[in-house]
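Structure file target_32.txt (compact mmCIF, C-alpha atoms and all ligand atoms) follows.
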```txt
# COMPACT_ATOMS: atom_id res chain seq x y z
CA MET A 1 -30.65 -13.02 -2.10
CA MET A 2 -27.17 -14.30 -1.27
CA LYS A 3 -25.62 -11.73 -3.53
CA THR A 4 -27.64 -8.97 -1.88
CA LEU A 5 -26.65 -10.21 1.56
CA LEU A 6 -22.98 -10.30 0.61
CA ARG A 7 -23.14 -6.81 -0.86
CA THR A 8 -24.85 -5.53 2.24
CA ALA A 9 -22.26 -7.22 4.44
CA SER A 10 -19.33 -5.72 2.55
CA ALA A 11 -20.96 -2.30 2.51
CA VAL A 12 -21.48 -2.47 6.27
CA ALA A 13 -17.87 -3.57 6.72
CA LEU A 14 -16.70 -0.65 4.62
CA LEU A 15 -18.80 1.76 6.62
CA ALA A 16 -17.45 0.39 9.88
CA LEU A 17 -13.89 0.74 8.62
CA SER A 18 -14.41 4.18 7.16
CA THR A 19 -13.85 5.83 10.50
CA THR A 20 -10.82 3.76 11.51
CA THR A 21 -7.18 4.06 10.53
CA VAL A 22 -6.45 4.33 6.84
CA ARG A 23 -4.65 1.22 5.62
CA ALA A 24 -3.72 1.14 1.94
CA TRP A 25 -5.00 -1.83 0.00
CA TRP A 26 -5.77 -3.24 3.42
CA ASP A 27 -4.09 -6.49 4.30
CA MET A 28 -5.23 -8.68 1.42
CA GLY A 29 -4.02 -6.30 -1.26
CA HIS A 30 -0.63 -5.86 0.41
CA MET A 31 -0.15 -9.58 0.92
CA ALA A 32 -1.21 -10.29 -2.67
CA VAL A 33 1.48 -7.86 -3.91
CA ALA A 34 4.08 -9.80 -1.91
CA ALA A 35 2.70 -13.17 -3.07
CA VAL A 36 3.03 -12.09 -6.72
CA ALA A 37 6.59 -10.91 -6.03
CA TYR A 38 7.63 -14.11 -4.22
CA GLU A 39 6.65 -16.22 -7.22
CA ARG A 40 8.93 -14.13 -9.44
CA LEU A 41 12.02 -13.89 -7.22
CA THR A 42 15.22 -15.75 -8.04
CA PRO A 43 16.07 -18.59 -5.59
CA ALA A 44 19.07 -16.57 -4.33
CA ALA A 45 16.96 -13.50 -3.58
CA ARG A 46 14.31 -15.65 -1.88
CA ALA A 47 16.92 -17.19 0.39
CA ARG A 48 18.50 -13.84 1.30
CA ALA A 49 15.09 -12.25 1.90
CA ALA A 50 14.11 -15.19 4.12
CA ALA A 51 17.24 -14.76 6.23
CA LEU A 52 16.57 -11.02 6.63
CA LEU A 53 12.89 -11.48 7.55
CA ARG A 54 13.88 -13.76 10.45
CA LEU A 55 15.23 -10.62 12.16
CA ASN A 56 11.77 -8.97 12.29
CA PRO A 57 10.29 -8.95 15.83
CA ASN A 58 7.05 -10.48 14.48
CA PHE A 59 8.70 -13.37 12.62
CA ASP A 60 7.63 -16.02 15.15
CA LYS A 61 4.04 -14.80 14.91
CA TRP A 62 4.13 -14.93 11.12
CA VAL A 63 5.19 -18.59 10.99
CA ARG A 64 3.29 -19.96 13.97
CA GLY A 65 1.57 -23.19 12.89
CA VAL A 66 3.03 -23.00 9.37
CA PRO A 67 4.84 -26.16 8.14
CA ALA A 68 8.63 -25.65 7.95
CA ALA A 69 8.71 -25.90 4.15
CA GLU A 70 6.16 -23.07 3.82
CA GLN A 71 7.56 -20.68 6.44
CA ASP A 72 9.77 -18.56 4.16
CA ARG A 73 6.91 -17.86 1.77
CA ALA A 74 4.38 -17.21 4.56
CA ALA A 75 6.74 -14.78 6.33
CA PHE A 76 7.47 -12.91 3.08
CA VAL A 77 3.75 -12.51 2.31
CA HIS A 78 2.80 -11.57 5.87
CA ALA A 79 5.68 -9.08 6.18
CA ALA A 80 3.91 -6.80 3.67
CA THR A 81 1.42 -5.77 6.39
CA TRP A 82 3.99 -5.01 9.12
CA ALA A 83 4.13 -1.26 8.35
CA ASP A 84 0.36 -1.13 9.03
CA ASP A 85 0.46 -3.57 11.96
CA ILE A 86 2.77 -1.31 13.99
CA LYS A 87 0.07 1.41 13.89
CA ARG A 88 -1.93 -0.74 16.31
CA SER A 89 1.00 -1.64 18.57
CA ASN A 90 1.54 0.03 21.93
CA ASN A 91 5.27 -0.21 21.31
CA TYR A 92 5.09 2.25 18.43
CA GLN A 93 4.43 5.98 18.52
CA ARG A 94 2.57 8.19 16.06
CA GLY A 95 3.78 11.62 15.06
CA SER A 96 3.88 14.12 12.23
CA ILE A 97 6.96 14.95 10.15
CA ALA A 98 7.45 18.07 12.25
CA GLN A 99 7.02 16.22 15.57
CA ASP A 100 9.43 13.47 14.55
CA GLY A 101 12.06 15.95 13.34
CA ALA A 102 15.34 14.32 12.34
CA ASP A 103 13.87 10.90 13.23
CA ALA A 104 11.38 11.31 10.36
CA THR A 105 14.09 10.25 7.93
CA ALA A 106 16.19 8.04 10.20
CA ASN A 107 16.85 4.58 8.79
CA ALA A 108 17.76 3.00 12.10
CA GLY A 109 16.31 -0.49 11.80
CA TYR A 110 14.09 -2.08 14.44
CA SER A 111 15.28 0.22 17.22
CA ASP A 112 13.05 2.84 15.52
CA HIS A 113 9.65 2.72 17.25
CA LEU A 114 7.96 5.47 15.25
CA VAL A 115 4.94 4.63 13.09
CA HIS A 116 5.92 7.01 10.24
CA ASP A 117 2.38 7.43 8.78
CA TYR A 118 3.79 9.96 6.31
CA TRP A 119 5.95 7.30 4.63
CA HIS A 120 2.80 5.60 3.25
CA TYR A 121 1.90 8.06 0.52
CA VAL A 122 3.15 10.79 -1.81
CA ASP A 123 0.25 12.97 -2.87
CA LEU A 124 0.93 14.60 -6.25
CA PRO A 125 -1.48 17.51 -6.71
CA PHE A 126 -4.04 17.81 -9.45
CA SER A 127 -7.00 20.08 -10.09
CA SER A 128 -9.76 20.18 -12.66
CA ASP A 129 -10.86 23.73 -11.83
CA GLY A 130 -7.53 25.56 -11.83
CA THR A 131 -7.08 25.62 -8.05
CA PRO A 132 -3.34 25.71 -7.32
CA GLY A 133 -2.01 22.52 -5.71
CA GLU A 134 0.69 21.91 -3.14
CA SER A 135 3.69 19.67 -3.76
CA PRO A 136 3.98 16.64 -1.47
CA ARG A 137 6.13 17.05 1.62
CA ALA A 138 9.20 14.93 2.25
CA PRO A 139 9.85 12.36 3.55
CA ASN A 140 7.14 10.42 1.72
CA ALA A 141 6.60 7.05 0.04
CA LEU A 142 8.82 7.99 -2.90
CA THR A 143 11.79 9.27 -0.87
CA GLN A 144 11.58 6.18 1.36
CA ILE A 145 11.36 3.61 -1.46
CA GLU A 146 14.50 5.17 -2.94
CA ALA A 147 16.31 5.30 0.41
CA PHE A 148 15.38 1.75 1.42
CA ARG A 149 16.30 0.32 -1.97
CA ARG A 150 19.73 1.97 -1.79
CA ALA A 151 20.37 0.69 1.72
CA LEU A 152 19.17 -2.84 0.88
CA ALA A 153 21.66 -2.98 -2.00
CA SER A 154 24.53 -1.41 -0.06
CA ASN A 155 27.49 -3.09 1.61
CA SER A 156 27.41 -0.71 4.54
CA ALA A 157 23.94 -1.17 6.08
CA SER A 158 23.57 -3.80 8.83
CA ASP A 159 21.32 -6.82 8.40
CA ASP A 160 19.00 -5.32 11.03
CA VAL A 161 18.55 -2.19 8.90
CA LYS A 162 18.24 -4.24 5.69
CA SER A 163 15.53 -6.39 7.25
CA TYR A 164 13.61 -3.26 8.33
CA ASP A 165 14.03 -1.73 4.87
CA LEU A 166 12.91 -4.91 3.10
CA VAL A 167 9.75 -5.08 5.22
CA TRP A 168 8.97 -1.44 4.42
CA LEU A 169 9.62 -1.96 0.70
CA LEU A 170 7.24 -4.96 0.68
CA HIS A 171 4.58 -2.53 1.90
CA LEU A 172 5.37 0.78 0.19
CA VAL A 173 5.67 -0.55 -3.35
CA GLY A 174 2.07 -1.70 -2.88
CA ASP A 175 1.00 1.65 -1.42
CA VAL A 176 2.23 3.77 -4.33
CA HIS A 177 0.29 1.60 -6.80
CA GLN A 178 -2.97 2.60 -5.07
CA PRO A 179 -3.96 5.74 -7.05
CA LEU A 180 -5.19 7.55 -3.92
CA HIS A 181 -1.82 7.09 -2.19
CA ALA A 182 -0.26 9.16 -4.97
CA THR A 183 -2.79 11.95 -5.41
CA SER A 184 -4.50 14.88 -3.76
CA ARG A 185 -7.31 16.69 -5.56
CA PHE A 186 -7.34 20.47 -5.12
CA SER A 187 -10.54 22.37 -5.86
CA ARG A 188 -12.26 25.63 -4.97
CA GLY A 189 -14.22 23.78 -2.30
CA MET A 190 -11.09 22.02 -0.97
CA PRO A 191 -8.21 24.46 -1.49
CA LYS A 192 -6.00 22.44 0.88
CA GLY A 193 -6.60 19.23 -1.09
CA ASP A 194 -8.70 16.15 -0.37
CA GLN A 195 -5.90 14.11 1.22
CA GLY A 196 -6.12 11.30 -1.30
CA GLY A 197 -9.89 10.87 -1.26
CA ASN A 198 -10.17 11.06 2.53
CA LYS A 199 -12.56 14.04 2.37
CA GLU A 200 -15.13 12.52 -0.03
CA THR A 201 -17.64 9.83 0.90
CA VAL A 202 -19.38 7.26 -1.28
CA CYS A 203 -22.61 5.25 -1.19
CA LEU A 204 -22.63 1.53 -1.93
CA ALA A 205 -25.76 -0.61 -2.15
CA PHE A 206 -27.68 0.49 0.96
CA THR A 207 -25.12 2.47 2.92
CA CYS A 208 -23.35 5.79 2.62
CA GLY A 209 -20.41 7.17 4.52
CA ALA A 210 -17.36 5.16 3.47
CA LYS A 211 -14.49 7.39 2.45
CA LEU A 212 -13.53 7.30 -1.21
CA HIS A 213 -9.98 6.47 -0.10
CA ALA A 214 -11.14 3.52 2.00
CA TYR A 215 -13.31 2.23 -0.85
CA TRP A 216 -10.23 2.05 -3.11
CA ASP A 217 -8.09 0.54 -0.34
CA GLY A 218 -10.63 -2.22 0.22
CA LEU A 219 -11.14 -3.35 -3.37
CA LEU A 220 -9.11 -6.55 -2.92
CA GLY A 221 -10.79 -7.43 0.38
CA ASP A 222 -9.53 -7.42 3.93
CA ARG A 223 -10.15 -10.77 5.55
CA GLY A 224 -7.80 -13.73 5.27
CA GLY A 225 -4.22 -14.80 5.83
CA PRO A 226 -1.16 -15.31 3.63
CA SER A 227 -2.53 -18.49 2.04
CA ASP A 228 -5.69 -16.61 0.98
CA ALA A 229 -3.51 -13.87 -0.49
CA GLU A 230 -1.48 -16.47 -2.41
CA ALA A 231 -4.70 -17.91 -3.83
CA LEU A 232 -5.87 -14.42 -4.77
CA ALA A 233 -2.52 -13.61 -6.38
CA ALA A 234 -2.86 -16.69 -8.60
CA THR A 235 -6.10 -15.31 -10.04
CA LEU A 236 -4.70 -11.87 -10.95
CA PRO A 237 -4.02 -10.92 -14.58
CA SER A 238 -0.38 -11.11 -15.71
CA PRO A 239 1.05 -7.60 -15.82
CA ASP A 240 2.26 -6.16 -19.09
CA ALA A 241 5.97 -7.06 -19.44
CA THR A 242 7.02 -3.57 -20.55
CA ALA A 243 5.21 -1.94 -17.63
CA ALA A 244 6.63 -4.50 -15.19
CA ALA A 245 10.17 -3.62 -16.34
CA VAL A 246 9.82 0.07 -15.36
CA GLU A 247 12.20 0.46 -12.41
CA ASP A 248 11.84 4.15 -11.57
CA PRO A 249 9.54 4.65 -8.54
CA ALA A 250 8.87 8.27 -9.60
CA THR A 251 7.30 6.88 -12.78
CA TRP A 252 5.13 4.47 -10.76
CA VAL A 253 3.85 7.38 -8.68
CA LYS A 254 3.15 9.55 -11.74
CA GLU A 255 1.22 6.66 -13.33
CA SER A 256 -0.85 6.26 -10.17
CA GLU A 257 -1.68 9.96 -10.14
CA GLN A 258 -2.80 9.74 -13.78
CA LEU A 259 -4.92 6.69 -12.95
CA ALA A 260 -6.60 8.72 -10.23
CA GLU A 261 -7.55 11.37 -12.78
CA GLN A 262 -8.76 8.80 -15.32
CA ALA A 263 -10.48 6.25 -13.11
CA VAL A 264 -11.05 7.58 -9.58
CA TYR A 265 -12.22 11.18 -9.97
CA ILE A 266 -14.74 10.46 -12.71
CA GLY A 267 -18.53 10.24 -12.66
CA PRO A 268 -20.34 9.61 -10.43
CA ILE A 269 -17.58 11.19 -8.30
CA GLY A 270 -18.21 14.90 -8.71
CA ASP A 271 -16.88 18.08 -7.13
CA GLY A 272 -17.06 18.46 -3.38
CA ALA A 273 -17.37 15.97 -0.57
CA GLY A 274 -20.34 13.91 -1.75
CA PRO A 275 -21.70 11.46 -0.80
CA PHE A 276 -21.52 10.02 -4.32
CA ALA A 277 -23.49 6.87 -5.19
CA LEU A 278 -21.11 4.55 -7.02
CA THR A 279 -22.55 2.87 -10.11
CA ASP A 280 -21.98 -0.79 -10.95
CA ALA A 281 -19.87 0.32 -13.92
CA TYR A 282 -17.62 2.49 -11.71
CA GLN A 283 -17.19 -0.36 -9.24
CA ALA A 284 -16.41 -2.95 -11.92
CA ASP A 285 -13.74 -0.72 -13.45
CA ALA A 286 -12.31 0.12 -10.03
CA LYS A 287 -11.96 -3.56 -9.15
CA ARG A 288 -10.29 -4.36 -12.48
CA ILE A 289 -7.81 -1.49 -12.03
CA ALA A 290 -7.05 -2.53 -8.45
CA GLN A 291 -6.29 -6.08 -9.59
CA GLN A 292 -4.05 -4.81 -12.40
CA GLN A 293 -2.19 -2.47 -10.07
CA VAL A 294 -1.60 -5.14 -7.42
CA ALA A 295 -0.23 -7.56 -10.03
CA LEU A 296 1.98 -4.83 -11.52
CA ALA A 297 3.24 -3.78 -8.09
CA GLY A 298 4.18 -7.40 -7.33
CA ALA A 299 6.13 -7.79 -10.55
CA ARG A 300 8.00 -4.51 -10.00
CA LEU A 301 8.68 -5.38 -6.36
CA ALA A 302 10.27 -8.69 -7.42
CA ARG A 303 12.62 -6.90 -9.81
CA LEU A 304 13.52 -4.34 -7.18
CA ILE A 305 14.34 -7.02 -4.58
CA ASP A 306 16.22 -9.18 -7.09
CA ALA A 307 18.38 -6.22 -8.06
CA ALA A 308 19.02 -5.13 -4.47
CA LEU A 309 19.84 -8.59 -3.11
CA ARG A 310 21.86 -9.78 -6.07
ZN ZN A 401 0.54 1.86 3.77
```
As structure tokens - that is how I would like this structure written.
Amino acid sequence: MMKTLLRTASAVALLALSTTTVRAWWDMGHMAVAAVAYERLTPAARARAAALLRLNPNFDKWVRGVPAAEQDRAAFVHAATWADDIKRSNNYQRGSIAQDGADATANAGYSDHLVHDYWHYVDLPFSSDGTPGESPRAPNALTQIEAFRRALASNSASDDVKSYDLVWLLHLVGDVHQPLHATSRFSRGMPKGDQGGNKETVCLAFTCGAKLHAYWDGLLGDRGGPSDAEALAATLPSPDATAAAVEDPATWVKESEQLAEQAVYIGPIGDGAGPFALTDAYQADAKRIAQQQVALAGARLARLIDAALR
């Protein structure tokens, strides 16, 4: 009974969220990536990251009520959601790449009040029926991870810009490990692509209508704060050491796209828009892959930050 109730509740939550803003991995997944990374950082990188995060306009909010000794960790974990949080702020403005023009690639620090939705993904095309795909537009998650990493490691960028870049990296490294933030499926029925699973819907337990993309985003849960994310991170499997040592973001994105082919767009997900009723086996595999990807993203993020803040 309890299990049924819980499944119903999460299905209803998914349905409710399916029509709202897309938020990769949702907050818990993003914070768990940062929690994994924090555990692996060198003390020097932790201290430098802590100093930079104090420059974020939300820093006071992140550490409110947190004991002094825990503030650096809490801020680091919470900072991973900032790139999503600004989507709901009246101080930030949405726009497309074309609307934002030269500002779409500006790395101006916290004076930049654009939301930059298009920085959150890089959709590599694939097709199983021979429909030609379209290459992802720039700027995208890959161009921005590379730009922010360079600036974070540079001697020329200001601390304001480095803080902004660090906060974005905490988020984007998580995003590109979500297979549907790295993929668009092109088919005869969807010749313009499915926008990373945003055009298909799925059925769970007793409800239909959640987007496939949102289902994958929500696999690690949504509710909870940084301490919940730290507890979750502690339960994740240790990533493979060889995989964790891969430093090239283009390889991370390619892996995610391949994961989408192997584990997302498989039965019961068929051609077209659905709705597709997800089996228990599909859901169990999806959850296991999400946990692996979040742990791997955290390990890679730690290496990236260590190298940049050395
Ligand atoms: Zn995102």
Q: Point out the residue among A:Gly174, A:Pro249, A:Gly209, A:Gly130 with the least atom-to-atom distance to ligand ZN 401 (chain A), counting all atoms listed in the file.
A: A:Gly174
(Q) Please report the interatomic distance between CA of Gln258 in chain A and CA of Leu41 in chain A in Å with one decimal. (A)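 A separation of 28.7 Å between them.
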Q: Enumerate as a PyMOL selection string the residues within 12 Å of ligand ZN 401 (chain A), counting all atoms listed in the file.
A: chain A and resi 21-27+29-31+80-87+115-122+140-141+167-178+180-182+214+217
**Q.** Option closest in space to Arg46 in chain A, from A:Gly65, A:Pro191, A:Ala74, A:Phe59 [counting all atoms listed in the file]
**A.** A:Ala74
Q.
I need the residue nearest Asn198 in chain A from this list: A:Gly274, A:Pro57, A:Pro237, A:Gly95. Use only C-alpha atoms for the distance.
A. A:Gly274
Q.
For a test of reading the model, state the distance in Å between CA of Ala245 in chain A and CA of Ala75 in chain A, rounded to one decimal.
A. 25.5 Å
Q: Tell me, in Å to one decimal, how far CA of Val264 in chain A is from CA of Gln144 in chain A.
A: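 Between CA of Val264 in chain A and CA of Gln144 in chain A the gap is 25.2 Å.
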Q: Excluding range 150-157 of chain A and residues on its chain fewer than 6 positions from it, collect all residues at most 9 Å away from it, counting all atoms listed in the file, and give them as a ChimeraX atom specification.
A: /A:107,163,165-166,305,307-310
Q. From the set A:Arg300, A:Arg223, A:Arg94, A:Lys61, which residue has the shortest atom-to-atom contact distance to Thr242 in chain A, counting only C-alpha atoms?
A.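 Looking only at the distances to Thr242 in chain A, the closest residue turns out to be A:Arg300.
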(Q) My list of candidates is A:Lys211, A:Arg303, A:Lys254, A:Arg48. Which is closest to Asp72 in chain A when distances are computed with only C-alpha atoms? (A)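 Selected residue with least distance to Asp72 in chain A: A:Arg48.
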Assuming 6 Å of padding per side, give the centre and edge lengths of the axis-aligned box around every listed atom of range 272-277 of chain A, in Å to one decimal and as JSON.
```
{"center_x": -20.3, "center_y": 12.7, "center_z": -2.9, "size_x": 18.4, "size_y": 23.6, "size_z": 16.6}
```
(Q) Calculated over all atoms listed in the file, which of the candidates A:Ala32, A:Ala79, A:Val253, A:Ala138 has the smallest distance to Asp228 in chain A? (A)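 The closest residue to Asp228 in chain A is A:Ala32.
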Q: For Tyr265 in chain A, please output as JSON, numbers by chain all residues within 12 Å (counting all atoms listed in the file; exclusion window: fewer than 2 positions along the same chain).
A: {"A": [126, 127, 128, 179, 180, 183, 184, 185, 186, 194, 196, 197, 200, 202, 212, 213, 216, 257, 258, 259, 260, 261, 262, 263, 267, 268, 269, 270, 271, 272, 273, 274, 276, 278, 282, 286]}
**Q.** Spatial neighbours of Pro226 in chain A, 6 Å, all atoms listed in the file, chain gap at least 3 places, as JSON, numbers by chain
**A.** {"A": [74, 77, 78, 229]}
**Q.** Contact residues around Ala243 in chain A with all atoms listed in the file at 10 Å, ignoring same-chain residues under 4 positions, as a list in words
**A.** Pro239, Glu247, Trp252, Leu296, Ala297, Ala299 and Arg300 of chain A
